[in-house]
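Here's the structure we're looking at; comments come further down.
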Amino acid sequence: MVNDILRKIPSTNEILEDHKILELVQQKGKIIIKDIIIKVTNNYRNKIISTSYHRQSDSKEDIYNFIIDEVIKYANSSEKKRLNRVINGTGIILHTNMGRAPLPKRAVDKINDVASSYCNLEYDLTTGKRGSRYDSVEELLIKLTGAESALVVNNNAAAVFLCINTLALDKEVIVARSEQVEIGGSFRIPEIIERSGAKMVEVGTTNKTYTRDYENAITEDTRILLKVHKSNYRIEGFTHEVSGEELVNLGNEKEIISVEDLGSGVLLDLQNFNLPYEPTVMDQVKKGLDIITFSGDKLLGGPQAGIIVGKKEFVEKIKVNPLTRMVRIDKMSLIALQEVLSIYVENKNVKEKIPIIDMLTKTSRTLSEEANILKEMMEEKIGNKIDVDIIEENNPVGGGSLPGITVKGVALYIRNSKIGANVLQSRLRDNTIPIICKIKNDGIILSMRTIKKDDYKHIADAFKNIIYEK
Ligand SMILES: *Cc1c(COP(=O)(O)O)cnc(C)c1O
């Protein structure tokens, strides 16, 4: 019986000749599709043998069709693992799962131009000799932040690690209990300090830490007073923390290095956009911190990078740490960072040029206008087959920045009497350009803050396809 069924399984070559499969071969190449066919038929064969999955009624044709469908499904699902553009309808501006900051056009154009050719990454065009890959961004960072020196590495996790490893190896780092941050993707301050070869000395309590706590913990082995931004949580109620200035004063008095992991480095005063005050990198440099580290792809709005700015004597030591080479930034990120920093230095229409800042600072009025445009486009395509309402909602910023703060936003609330919210959400995720959205009650929410004008047409088309079952 089992053998009867096994005999009906089509051969790989037979499947390869099917017209639907030929189409897939055209798109993805024969090697990949052949591989998938072998996997699918093997799975089917094993299932028949191991589970006595006997559906005797299955004709040769049924089995053939089943396998073709499985191959197509498999091929499409492997496509979903490739990195592709998605439409972010969650309203969360810095979504770590969606690549944090989208880059400014100028950065992408520059990558396009420079990365497809050779470039002067480590070649000094003045002397014709070997140069440093960091020169260009270092100069920009010094200009922008007022720091004496700067260095850029792969990400902020690496930046923090390098600082501690360079300046406190086998020595002590004092950090407040309230600042033992864990950031998504297993960045945990206690573990980073331990792995960097230093000893962590915890001070204060969960909610309150005073300068005297740091002072009492200082020994002859203390090398760093570390301050860490509470990027993704807030402590409320009776709290006290030691300010950057206080840490700097204590450090200066005791000749101990003050370091701040600022998390999301902001280069603009967010109060200008009616947002709460967030310490800028410039403010922290002015306060006199010896070293400040921050990310390139959070509120800065650039590529993944870890930026270190501070006193020359310390930054120079970090530069020559052999581990720095291991976490060096790649040329594409460096090109993007150079362009993003240039936008800040030039200081003309920064808000319009940097997508993260543009999205963060959009007013409810602008968002409402945009919501109306998208709503109309959808209604043009699908008439009244779907209910679209414009609603107010609050957008968290996400990505380890501005914890507990939401900005007033606007969203489309979309329902269909026949298609449930869960199905709608998963169909949108299956769209050619996947659309990611949240569910609310019996409908889905598309937040306007993170949706670009270019996305509107794709969204309207996606709904049309879902409604008309294409
Ligand atoms: C986000 C964050 C990090 C990690 O930065 P990456 O650039 O993601 O490596 C470290 N510390 C703080 C306080 C952060 O907010």
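Each chain in the structure tokens gets a letter, A, B, ..., in the order shown, and its residues are numbered from 1; ligands are numbered from 1 in order too.
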Neighbouring residues of stretch 411-417 of chain A were defined as those with any atom within 10 Å, considering only C-alpha atoms; residues of the same chain fewer than 6 positions away were excluded. Please report them as a PyMOL selection string.
chain A and resi 89-91+367-368+370-372+374-375+384-395+424+438-449+467
Restricted to N, CA, C and O atoms, what would the selected residues look like written as a compact mmCIF listing (two decimals), in the first residue's frame?
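Writing the result to part-v5.txt gives the following:
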```txt
# COMPACT_ATOMS: atom_id res chain seq x y z
N GLY A 89 3.69 50.29 9.43
CA GLY A 89 2.44 50.94 9.80
C GLY A 89 2.22 50.95 11.30
O GLY A 89 1.11 51.18 11.77
N THR A 90 3.28 50.69 12.08
CA THR A 90 3.13 50.60 13.53
C THR A 90 3.22 51.95 14.23
O THR A 90 2.85 52.07 15.39
N GLY A 91 3.76 52.95 13.53
CA GLY A 91 3.92 54.25 14.17
C GLY A 91 5.14 54.32 15.07
O GLY A 91 5.45 55.37 15.63
N LEU A 367 -0.23 65.06 9.83
CA LEU A 367 -0.58 63.64 9.79
C LEU A 367 -2.05 63.45 9.38
O LEU A 367 -2.38 62.51 8.65
N SER A 368 -2.92 64.35 9.83
CA SER A 368 -4.34 64.25 9.44
C SER A 368 -4.50 64.46 7.95
O SER A 368 -5.28 63.77 7.29
N GLU A 370 -2.30 63.87 5.68
CA GLU A 370 -1.78 62.69 5.01
C GLU A 370 -2.75 61.52 5.10
O GLU A 370 -2.94 60.76 4.15
N ALA A 371 -3.38 61.41 6.27
CA ALA A 371 -4.35 60.32 6.47
C ALA A 371 -5.51 60.46 5.48
O ALA A 371 -5.99 59.48 4.90
N ASN A 372 -5.93 61.70 5.26
CA ASN A 372 -7.02 61.95 4.30
C ASN A 372 -6.64 61.54 2.89
O ASN A 372 -7.45 60.96 2.16
N LEU A 374 -4.40 59.27 1.98
CA LEU A 374 -4.34 57.81 1.88
C LEU A 374 -5.75 57.20 1.87
O LEU A 374 -6.06 56.30 1.09
N LYS A 375 -6.60 57.74 2.73
CA LYS A 375 -7.98 57.25 2.80
C LYS A 375 -8.67 57.40 1.44
O LYS A 375 -9.30 56.47 0.94
N ASN A 384 -16.60 51.41 -1.08
CA ASN A 384 -17.01 51.27 0.32
C ASN A 384 -16.93 49.82 0.80
O ASN A 384 -17.61 49.44 1.73
N LYS A 385 -16.09 49.03 0.12
CA LYS A 385 -15.97 47.63 0.52
C LYS A 385 -15.21 47.47 1.83
O LYS A 385 -15.04 46.38 2.36
N ILE A 386 -14.70 48.58 2.31
CA ILE A 386 -13.92 48.52 3.54
C ILE A 386 -14.22 49.80 4.33
O ILE A 386 -14.48 50.84 3.74
N ASP A 387 -14.26 49.70 5.67
CA ASP A 387 -14.52 50.90 6.49
C ASP A 387 -13.20 51.53 6.90
O ASP A 387 -12.38 50.87 7.53
N VAL A 388 -13.01 52.78 6.54
CA VAL A 388 -11.77 53.46 6.92
C VAL A 388 -12.12 54.70 7.74
O VAL A 388 -12.84 55.58 7.28
N ASP A 389 -11.64 54.73 8.99
CA ASP A 389 -11.84 55.90 9.84
C ASP A 389 -10.49 56.51 10.19
O ASP A 389 -9.50 55.79 10.31
N ILE A 390 -10.49 57.81 10.34
CA ILE A 390 -9.26 58.47 10.79
C ILE A 390 -9.36 58.67 12.30
O ILE A 390 -10.34 59.24 12.78
N ILE A 391 -8.39 58.15 13.03
CA ILE A 391 -8.44 58.25 14.49
C ILE A 391 -7.14 58.86 15.04
O ILE A 391 -6.12 58.90 14.37
N GLU A 392 -7.22 59.30 16.30
CA GLU A 392 -6.01 59.78 16.96
C GLU A 392 -5.38 58.62 17.71
O GLU A 392 -6.09 57.75 18.19
N GLU A 393 -4.07 58.60 17.79
CA GLU A 393 -3.42 57.58 18.62
C GLU A 393 -2.07 58.11 19.06
O GLU A 393 -1.58 59.10 18.53
N ASN A 394 -1.49 57.45 20.06
CA ASN A 394 -0.18 57.90 20.55
C ASN A 394 0.91 57.01 20.01
O ASN A 394 0.79 55.80 20.03
N ASN A 395 1.97 57.62 19.50
CA ASN A 395 3.10 56.84 18.97
C ASN A 395 4.26 56.84 19.94
O ASN A 395 4.79 57.89 20.26
N LEU A 424 -6.71 40.03 7.99
CA LEU A 424 -6.30 41.25 7.29
C LEU A 424 -4.82 41.54 7.59
O LEU A 424 -4.02 41.83 6.69
N LYS A 438 -0.72 47.04 13.39
CA LYS A 438 -1.24 46.53 14.65
C LYS A 438 -2.74 46.26 14.51
O LYS A 438 -3.38 46.76 13.58
N ILE A 439 -3.27 45.50 15.50
CA ILE A 439 -4.71 45.24 15.52
C ILE A 439 -5.32 46.04 16.66
O ILE A 439 -4.72 46.19 17.72
N LYS A 440 -6.52 46.58 16.40
CA LYS A 440 -7.25 47.21 17.49
C LYS A 440 -8.70 46.77 17.36
O LYS A 440 -9.31 46.94 16.30
N ASN A 441 -9.22 46.21 18.44
CA ASN A 441 -10.59 45.65 18.43
C ASN A 441 -10.76 44.75 17.21
O ASN A 441 -10.01 43.82 17.01
N ASP A 442 -11.73 45.08 16.35
CA ASP A 442 -11.99 44.20 15.21
C ASP A 442 -11.40 44.74 13.90
O ASP A 442 -11.79 44.33 12.82
N GLY A 443 -10.46 45.66 14.03
CA GLY A 443 -9.87 46.21 12.82
C GLY A 443 -8.35 46.33 12.93
O GLY A 443 -7.77 45.93 13.93
N ILE A 444 -7.75 46.87 11.90
CA ILE A 444 -6.32 47.09 11.98
C ILE A 444 -6.02 48.60 11.94
O ILE A 444 -6.85 49.40 11.49
N ILE A 445 -4.84 48.93 12.43
CA ILE A 445 -4.44 50.33 12.56
C ILE A 445 -3.22 50.58 11.68
O ILE A 445 -2.24 49.86 11.77
N LEU A 446 -3.31 51.57 10.83
CA LEU A 446 -2.14 51.99 10.06
C LEU A 446 -1.75 53.38 10.56
O LEU A 446 -2.50 54.34 10.36
N SER A 447 -0.61 53.48 11.23
CA SER A 447 -0.20 54.76 11.81
C SER A 447 0.50 55.59 10.75
O SER A 447 1.45 55.15 10.11
N MET A 448 0.04 56.81 10.59
CA MET A 448 0.55 57.65 9.50
C MET A 448 2.00 58.10 9.73
O MET A 448 2.73 58.35 8.79
N ARG A 449 2.42 58.20 11.00
CA ARG A 449 3.73 58.79 11.30
C ARG A 449 4.88 58.07 10.58
O ARG A 449 5.85 58.70 10.18
N ILE A 467 -9.21 42.50 -1.06
CA ILE A 467 -10.67 42.54 -1.20
C ILE A 467 -11.14 41.74 -2.42
O ILE A 467 -12.11 41.00 -2.36
```
Please provide the set of residues having any atom within 12 Å of stretch 30-40 of chain A, restricted to only C-alpha atoms, with same-chain residues fewer than 6 positions apart removed, written as a PyMOL selection string.
chain A and resi 9-18+20-24+46-47+63-64+66-79
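The residues sitting within 6 Å of ligand 1, with only C-alpha atoms and all ligand atoms considered, come out as Asn155, Asn156, Ala157, Ile183, Val228, His229, Ser231, Asp261, Leu262, Gly263, Ser264, Ser295, Ala305, Gly306 and Gly400 of chain A.
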Let's have the selection written as a JSON list (two decimals), in the first residue's frame, with N, CA and C atoms.
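File produced: again25.json:
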```
[["chain", "number", "residue", "atom", "x", "y", "z"],
["A", 155, "ASN", "N", 28.99, 49.46, 16.46],
["A", 155, "ASN", "CA", 27.74, 49.87, 17.11],
["A", 155, "ASN", "C", 28.04, 50.37, 18.52],
["A", 156, "ASN", "N", 27.02, 50.86, 19.20],
["A", 156, "ASN", "CA", 27.26, 51.44, 20.51],
["A", 156, "ASN", "C", 27.66, 50.38, 21.53],
["A", 157, "ALA", "N", 27.15, 49.17, 21.38],
["A", 157, "ALA", "CA", 27.54, 48.08, 22.29],
["A", 157, "ALA", "C", 29.05, 47.92, 22.24],
["A", 183, "ILE", "N", 19.29, 46.23, 26.96],
["A", 183, "ILE", "CA", 18.70, 46.67, 25.70],
["A", 183, "ILE", "C", 18.43, 45.41, 24.88],
["A", 228, "VAL", "N", 24.77, 55.47, 32.59],
["A", 228, "VAL", "CA", 24.11, 54.82, 31.46],
["A", 228, "VAL", "C", 22.71, 55.39, 31.30],
["A", 229, "HIS", "N", 22.37, 55.74, 30.08],
["A", 229, "HIS", "CA", 21.04, 56.30, 29.82],
["A", 229, "HIS", "C", 19.97, 55.22, 30.02],
["A", 231, "SER", "N", 17.45, 53.94, 28.66],
["A", 231, "SER", "CA", 16.88, 54.10, 27.32],
["A", 231, "SER", "C", 15.47, 53.56, 27.16],
["A", 261, "ASP", "N", 27.29, 56.40, 28.69],
["A", 261, "ASP", "CA", 26.67, 55.72, 27.56],
["A", 261, "ASP", "C", 25.33, 56.41, 27.36],
["A", 262, "LEU", "N", 25.29, 57.25, 26.34],
["A", 262, "LEU", "CA", 24.12, 58.11, 26.12],
["A", 262, "LEU", "C", 23.01, 57.38, 25.35],
["A", 263, "GLY", "N", 23.30, 56.16, 24.91],
["A", 263, "GLY", "CA", 22.28, 55.40, 24.18],
["A", 263, "GLY", "C", 22.01, 56.02, 22.83],
["A", 264, "SER", "N", 20.85, 56.69, 22.75],
["A", 264, "SER", "CA", 20.49, 57.33, 21.49],
["A", 264, "SER", "C", 21.09, 58.72, 21.48],
["A", 295, "SER", "N", 24.65, 55.69, 19.71],
["A", 295, "SER", "CA", 24.38, 54.92, 18.49],
["A", 295, "SER", "C", 24.25, 55.83, 17.28],
["A", 305, "ALA", "N", 26.03, 52.28, 13.88],
["A", 305, "ALA", "CA", 27.39, 52.70, 14.22],
["A", 305, "ALA", "C", 27.45, 52.99, 15.71],
["A", 306, "GLY", "N", 28.64, 52.91, 16.25],
["A", 306, "GLY", "CA", 28.84, 53.31, 17.63],
["A", 306, "GLY", "C", 29.79, 54.48, 17.62],
["A", 400, "GLY", "N", 14.89, 52.16, 22.04],
["A", 400, "GLY", "CA", 15.75, 52.60, 23.12],
["A", 400, "GLY", "C", 15.98, 54.09, 23.12]]
```
Tell me, as a PyMOL selection string, which residues lie within 6 Å of stretch 174-181 of chain A, counting only C-alpha atoms; anything in the same chain fewer than 4 positions away does not count.
chain A and resi 188-189+201-206+225-226+228
Looking only at strand (DSSP E or B) from DSSP on the backbone, list the matching residues of stretch 92-242 of chain A as number ranges by chain.
A: 123-124, 129-130, 149-153, 172-176, 182-183, 187-188, 199-203, 208, 222-228, 240
Can you pull out every residue within 10 Å of A:Asn252, counting only C-alpha atoms, but drop anything in the same chain fewer than 6 positions away, and send it as number ranges by chain?
A: 246, 258, 288-290
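Atom CA of A:Pro190 is found 23.6 Å from atom CA of A:Lys319.
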Go through A:Asp58, A:His19, A:Thr280, A:Glu260 and flag the residue nearest A:Val2, using only C-alpha atoms for the distances.
A:Asp58
Test item, alpha helix (DSSP H) assignment across stretch 42-89 of chain A, answer as a PyMOL selection string
chain A and resi 42-50+60-81
Go ahead and dump the residues you just picked, N, CA and C atoms, as a PDB file, in the first residue's frame.
```
ATOM      1  N   ASN A  42      11.054  14.663  -0.678  1.00  0.00           N
ATOM      2  CA  ASN A  42      11.595  13.833   0.416  1.00  0.00           C
ATOM      3  C   ASN A  42      10.715  13.897   1.657  1.00  0.00           C
ATOM      4  N   ASN A  43      10.308  15.107   1.991  1.00  0.00           N
ATOM      5  CA  ASN A  43       9.416  15.276   3.155  1.00  0.00           C
ATOM      6  C   ASN A  43       8.149  14.463   2.965  1.00  0.00           C
ATOM      7  N   TYR A  44       7.606  14.552   1.771  1.00  0.00           N
ATOM      8  CA  TYR A  44       6.352  13.853   1.482  1.00  0.00           C
ATOM      9  C   TYR A  44       6.558  12.342   1.593  1.00  0.00           C
ATOM     10  N   ARG A  45       7.650  11.888   1.003  1.00  0.00           N
ATOM     11  CA  ARG A  45       7.960  10.449   1.037  1.00  0.00           C
ATOM     12  C   ARG A  45       8.107   9.973   2.490  1.00  0.00           C
ATOM     13  N   ASN A  46       8.866  10.743   3.290  1.00  0.00           N
ATOM     14  CA  ASN A  46       9.084  10.356   4.687  1.00  0.00           C
ATOM     15  C   ASN A  46       7.792  10.331   5.483  1.00  0.00           C
ATOM     16  N   LYS A  47       6.936  11.276   5.170  1.00  0.00           N
ATOM     17  CA  LYS A  47       5.662  11.347   5.882  1.00  0.00           C
ATOM     18  C   LYS A  47       4.836  10.090   5.585  1.00  0.00           C
ATOM     19  N   ILE A  48       4.847   9.667   4.322  1.00  0.00           N
ATOM     20  CA  ILE A  48       4.103   8.468   3.932  1.00  0.00           C
ATOM     21  C   ILE A  48       4.661   7.246   4.670  1.00  0.00           C
ATOM     22  N   ILE A  49       5.984   7.179   4.704  1.00  0.00           N
ATOM     23  CA  ILE A  49       6.609   5.992   5.312  1.00  0.00           C
ATOM     24  C   ILE A  49       6.451   6.002   6.826  1.00  0.00           C
ATOM     25  N   SER A  50       6.738   7.150   7.455  1.00  0.00           N
ATOM     26  CA  SER A  50       6.817   7.140   8.920  1.00  0.00           C
ATOM     27  C   SER A  50       5.459   7.239   9.609  1.00  0.00           C
ATOM     28  N   LYS A  60      -2.642  10.007  -8.625  1.00  0.00           N
ATOM     29  CA  LYS A  60      -1.334  10.516  -9.034  1.00  0.00           C
ATOM     30  C   LYS A  60      -1.413  12.038  -9.242  1.00  0.00           C
ATOM     31  N   GLU A  61      -2.543  12.466  -9.794  1.00  0.00           N
ATOM     32  CA  GLU A  61      -2.723  13.889 -10.073  1.00  0.00           C
ATOM     33  C   GLU A  61      -2.803  14.723  -8.779  1.00  0.00           C
ATOM     34  N   ASP A  62      -3.548  14.172  -7.784  1.00  0.00           N
ATOM     35  CA  ASP A  62      -3.636  14.885  -6.490  1.00  0.00           C
ATOM     36  C   ASP A  62      -2.256  15.092  -5.886  1.00  0.00           C
ATOM     37  N   ILE A  63      -1.485  14.018  -5.907  1.00  0.00           N
ATOM     38  CA  ILE A  63      -0.147  14.092  -5.304  1.00  0.00           C
ATOM     39  C   ILE A  63       0.716  15.101  -6.058  1.00  0.00           C
ATOM     40  N   TYR A  64       0.628  15.038  -7.386  1.00  0.00           N
ATOM     41  CA  TYR A  64       1.381  15.965  -8.240  1.00  0.00           C
ATOM     42  C   TYR A  64       1.031  17.412  -7.875  1.00  0.00           C
ATOM     43  N   ASN A  65      -0.285  17.691  -7.812  1.00  0.00           N
ATOM     44  CA  ASN A  65      -0.708  19.064  -7.511  1.00  0.00           C
ATOM     45  C   ASN A  65      -0.274  19.503  -6.114  1.00  0.00           C
ATOM     46  N   PHE A  66      -0.374  18.549  -5.177  1.00  0.00           N
ATOM     47  CA  PHE A  66       0.016  18.858  -3.802  1.00  0.00           C
ATOM     48  C   PHE A  66       1.490  19.263  -3.754  1.00  0.00           C
ATOM     49  N   ILE A  67       2.318  18.498  -4.447  1.00  0.00           N
ATOM     50  CA  ILE A  67       3.758  18.773  -4.402  1.00  0.00           C
ATOM     51  C   ILE A  67       4.091  20.099  -5.100  1.00  0.00           C
ATOM     52  N   ILE A  68       3.438  20.357  -6.220  1.00  0.00           N
ATOM     53  CA  ILE A  68       3.659  21.645  -6.901  1.00  0.00           C
ATOM     54  C   ILE A  68       3.316  22.812  -5.958  1.00  0.00           C
ATOM     55  N   ASP A  69       2.159  22.701  -5.293  1.00  0.00           N
ATOM     56  CA  ASP A  69       1.753  23.772  -4.368  1.00  0.00           C
ATOM     57  C   ASP A  69       2.771  23.957  -3.248  1.00  0.00           C
ATOM     58  N   GLU A  70       3.229  22.828  -2.713  1.00  0.00           N
ATOM     59  CA  GLU A  70       4.200  22.900  -1.616  1.00  0.00           C
ATOM     60  C   GLU A  70       5.505  23.575  -2.068  1.00  0.00           C
ATOM     61  N   VAL A  71       5.933  23.242  -3.282  1.00  0.00           N
ATOM     62  CA  VAL A  71       7.183  23.826  -3.805  1.00  0.00           C
ATOM     63  C   VAL A  71       7.021  25.344  -3.936  1.00  0.00           C
ATOM     64  N   ILE A  72       5.869  25.758  -4.465  1.00  0.00           N
ATOM     65  CA  ILE A  72       5.630  27.197  -4.639  1.00  0.00           C
ATOM     66  C   ILE A  72       5.603  27.900  -3.272  1.00  0.00           C
ATOM     67  N   LYS A  73       4.905  27.254  -2.321  1.00  0.00           N
ATOM     68  CA  LYS A  73       4.822  27.832  -0.973  1.00  0.00           C
ATOM     69  C   LYS A  73       6.219  27.980  -0.364  1.00  0.00           C
ATOM     70  N   TYR A  74       6.983  26.921  -0.481  1.00  0.00           N
ATOM     71  CA  TYR A  74       8.335  26.890   0.083  1.00  0.00           C
ATOM     72  C   TYR A  74       9.205  27.977  -0.551  1.00  0.00           C
ATOM     73  N   ALA A  75       9.112  28.066  -1.890  1.00  0.00           N
ATOM     74  CA  ALA A  75       9.929  29.062  -2.596  1.00  0.00           C
ATOM     75  C   ALA A  75       9.558  30.471  -2.140  1.00  0.00           C
ATOM     76  N   ASN A  76       8.260  30.714  -1.950  1.00  0.00           N
ATOM     77  CA  ASN A  76       7.839  32.044  -1.519  1.00  0.00           C
ATOM     78  C   ASN A  76       8.232  32.324  -0.079  1.00  0.00           C
ATOM     79  N   SER A  77       8.185  31.268   0.758  1.00  0.00           N
ATOM     80  CA  SER A  77       8.518  31.527   2.155  1.00  0.00           C
ATOM     81  C   SER A  77      10.017  31.774   2.296  1.00  0.00           C
ATOM     82  N   SER A  78      10.822  31.172   1.429  1.00  0.00           N
ATOM     83  CA  SER A  78      12.249  31.464   1.561  1.00  0.00           C
ATOM     84  C   SER A  78      12.529  32.889   1.098  1.00  0.00           C
ATOM     85  N   GLU A  79      11.696  33.393   0.201  1.00  0.00           N
ATOM     86  CA  GLU A  79      11.803  34.785  -0.221  1.00  0.00           C
ATOM     87  C   GLU A  79      11.573  35.724   0.975  1.00  0.00           C
ATOM     88  N   LYS A  80      10.664  35.297   1.879  1.00  0.00           N
ATOM     89  CA  LYS A  80      10.345  36.142   3.030  1.00  0.00           C
ATOM     90  C   LYS A  80      11.512  36.281   3.994  1.00  0.00           C
ATOM     91  N   LYS A  81      12.458  35.350   3.902  1.00  0.00           N
ATOM     92  CA  LYS A  81      13.617  35.458   4.794  1.00  0.00           C
ATOM     93  C   LYS A  81      14.646  36.429   4.249  1.00  0.00           C
TER      94      LYS A  81
END
```
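Residues lying within 12 Å of A:Asn84, counting only C-alpha atoms and ignoring same-chain neighbours fewer than 5 positions away, are Glu79, Met98, Gly99, Asn431, Thr432, Ile433, Pro434 and Ile435 of chain A.
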Name all residues at most 10 Å from stretch 335-337 of chain A (count only C-alpha atoms; drop same-chain ones fewer than 5 positions away) and give them as a VMD selection string.
chain A and resid 103 to 112 114 to 115 121 136 to 137 140 152 296 to 297 300 to 305 330 342 to 343
Store the residues picked out above in a file with N, CA and C atoms, as a short mmCIF file (atom, residue, chain, number, x, y, z; two decimals), in the first residue's frame.
```
data_model
loop_
_atom_site.label_atom_id
_atom_site.label_comp_id
_atom_site.auth_asym_id
_atom_site.auth_seq_id
_atom_site.Cartn_x
_atom_site.Cartn_y
_atom_site.Cartn_z
N LEU A 103 17.57 55.63 6.09
CA LEU A 103 18.62 56.61 5.81
C LEU A 103 18.11 57.77 4.95
N PRO A 104 18.72 58.93 5.11
CA PRO A 104 18.40 60.05 4.23
C PRO A 104 18.79 59.71 2.79
N LYS A 105 18.07 60.29 1.85
CA LYS A 105 18.32 60.03 0.43
C LYS A 105 19.78 60.33 0.07
N ARG A 106 20.26 61.43 0.62
CA ARG A 106 21.63 61.85 0.31
C ARG A 106 22.64 60.76 0.70
N ALA A 107 22.40 60.10 1.81
CA ALA A 107 23.32 59.04 2.26
C ALA A 107 23.26 57.85 1.31
N VAL A 108 22.05 57.50 0.90
CA VAL A 108 21.88 56.35 0.01
C VAL A 108 22.50 56.64 -1.36
N ASP A 109 22.29 57.86 -1.85
CA ASP A 109 22.88 58.25 -3.15
C ASP A 109 24.40 58.16 -3.08
N LYS A 110 24.94 58.62 -1.97
CA LYS A 110 26.40 58.63 -1.83
C LYS A 110 26.95 57.19 -1.77
N ILE A 111 26.23 56.32 -1.07
CA ILE A 111 26.67 54.92 -1.02
C ILE A 111 26.65 54.35 -2.42
N ASN A 112 25.59 54.63 -3.12
CA ASN A 112 25.43 54.15 -4.48
C ASN A 112 26.61 54.59 -5.35
N VAL A 114 29.69 55.88 -4.30
CA VAL A 114 31.05 55.56 -3.84
C VAL A 114 31.30 54.05 -3.76
N ALA A 115 30.28 53.31 -3.30
CA ALA A 115 30.53 51.88 -3.02
C ALA A 115 30.61 51.05 -4.29
N LEU A 121 39.03 55.23 1.04
CA LEU A 121 38.71 54.83 2.41
C LEU A 121 39.90 55.01 3.35
N SER A 136 37.44 61.47 8.05
CA SER A 136 36.33 62.28 7.57
C SER A 136 35.25 62.45 8.64
N VAL A 137 34.82 61.35 9.26
CA VAL A 137 33.76 61.50 10.26
C VAL A 137 34.28 62.09 11.56
N LEU A 140 34.01 65.79 11.30
CA LEU A 140 32.61 66.22 11.39
C LEU A 140 32.11 66.15 12.83
N VAL A 152 34.72 56.11 15.54
CA VAL A 152 33.47 55.45 15.20
C VAL A 152 33.72 53.95 15.05
N GLY A 296 24.54 55.27 16.11
CA GLY A 296 24.35 56.03 14.88
C GLY A 296 22.94 55.90 14.33
N ASP A 297 22.24 54.81 14.69
CA ASP A 297 20.97 54.53 14.01
C ASP A 297 19.75 54.70 14.91
N LEU A 300 19.80 59.84 16.00
CA LEU A 300 20.69 60.52 15.06
C LEU A 300 20.16 60.36 13.63
N GLY A 301 19.56 59.19 13.37
CA GLY A 301 18.95 58.98 12.06
C GLY A 301 19.90 58.48 11.00
N GLY A 302 21.00 57.85 11.39
CA GLY A 302 21.99 57.38 10.43
C GLY A 302 22.09 55.87 10.38
N PRO A 303 23.25 55.37 9.93
CA PRO A 303 23.45 53.92 9.82
C PRO A 303 23.82 53.32 11.18
N GLN A 304 23.82 52.00 11.26
CA GLN A 304 24.31 51.35 12.47
C GLN A 304 25.75 51.78 12.70
N ALA A 305 26.03 52.28 13.88
CA ALA A 305 27.39 52.70 14.22
C ALA A 305 27.45 52.99 15.71
N ASP A 330 32.21 49.39 8.69
CA ASP A 330 32.45 49.08 7.27
C ASP A 330 32.26 50.33 6.43
N SER A 342 27.15 65.37 7.87
CA SER A 342 27.29 66.59 7.06
C SER A 342 25.98 67.38 7.06
N ILE A 343 24.87 66.67 7.02
CA ILE A 343 23.57 67.37 7.04
C ILE A 343 23.44 68.18 8.33
#
```
Env of A:Ala460: 9 Å cut, atoms = only C-alpha atoms, seq-sep filter 4 positions within chain, self excluded. Answer as a ChimeraX atom specification.
/A:374-375,377-382,455-456,464-465
Residues as selected, N, CA, C and O atoms, written as a CSV table (one decimal), in the first residue's frame, can you do that?
```
chain,number,residue,atom,x,y,z
A,374,LEU,N,-4.4,59.3,2.0
A,374,LEU,CA,-4.3,57.8,1.9
A,374,LEU,C,-5.8,57.2,1.9
A,374,LEU,O,-6.1,56.3,1.1
A,375,LYS,N,-6.6,57.7,2.7
A,375,LYS,CA,-8.0,57.2,2.8
A,375,LYS,C,-8.7,57.4,1.4
A,375,LYS,O,-9.3,56.5,0.9
A,377,MET,N,-7.3,57.6,-1.5
A,377,MET,CA,-6.7,56.7,-2.5
A,377,MET,C,-7.2,55.3,-2.3
A,377,MET,O,-7.5,54.6,-3.3
A,378,MET,N,-7.4,54.9,-1.0
A,378,MET,CA,-8.0,53.6,-0.8
A,378,MET,C,-9.4,53.5,-1.3
A,378,MET,O,-9.8,52.5,-1.9
A,379,GLU,N,-10.2,54.5,-1.0
A,379,GLU,CA,-11.6,54.5,-1.4
A,379,GLU,C,-11.7,54.5,-2.9
A,379,GLU,O,-12.7,54.0,-3.5
A,380,GLU,N,-10.8,55.2,-3.6
A,380,GLU,CA,-10.8,55.2,-5.0
A,380,GLU,C,-10.7,53.8,-5.6
A,380,GLU,O,-11.3,53.4,-6.6
A,381,LYS,N,-9.9,53.0,-4.9
A,381,LYS,CA,-9.6,51.6,-5.4
A,381,LYS,C,-10.6,50.6,-5.0
A,381,LYS,O,-10.9,49.7,-5.7
A,382,ILE,N,-11.2,50.8,-3.8
A,382,ILE,CA,-12.1,49.8,-3.3
A,382,ILE,C,-13.4,50.3,-2.8
A,382,ILE,O,-14.2,49.5,-2.2
A,455,ASP,N,4.6,55.1,-0.1
A,455,ASP,CA,4.0,53.8,0.3
A,455,ASP,C,2.4,53.8,0.0
A,455,ASP,O,1.9,52.7,-0.1
A,456,TYR,N,1.8,55.0,-0.1
A,456,TYR,CA,0.4,55.1,-0.2
A,456,TYR,C,-0.2,54.2,-1.3
A,456,TYR,O,-1.1,53.4,-1.1
A,464,LYS,N,-6.8,46.5,-2.3
A,464,LYS,CA,-7.6,46.1,-3.5
A,464,LYS,C,-7.4,44.6,-3.8
A,464,LYS,O,-8.4,43.9,-4.0
A,465,ASN,N,-6.1,44.1,-3.7
A,465,ASN,CA,-5.9,42.7,-4.0
A,465,ASN,C,-6.5,41.8,-2.9
A,465,ASN,O,-7.1,40.8,-3.3
```
Using only C-alpha atoms, the residue out of A:Ile87, A:Met282, A:Val160, A:Val345 with shortest distance to A:Phe187 is A:Val160
Quick one: distance from atom CA of A:Thr219 to atom CA of A:Ser243 in Å, one decimal?
21.1 Å
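Atom CA of A:Ser186 is found 14.0 Å from atom CA of A:Asn97.
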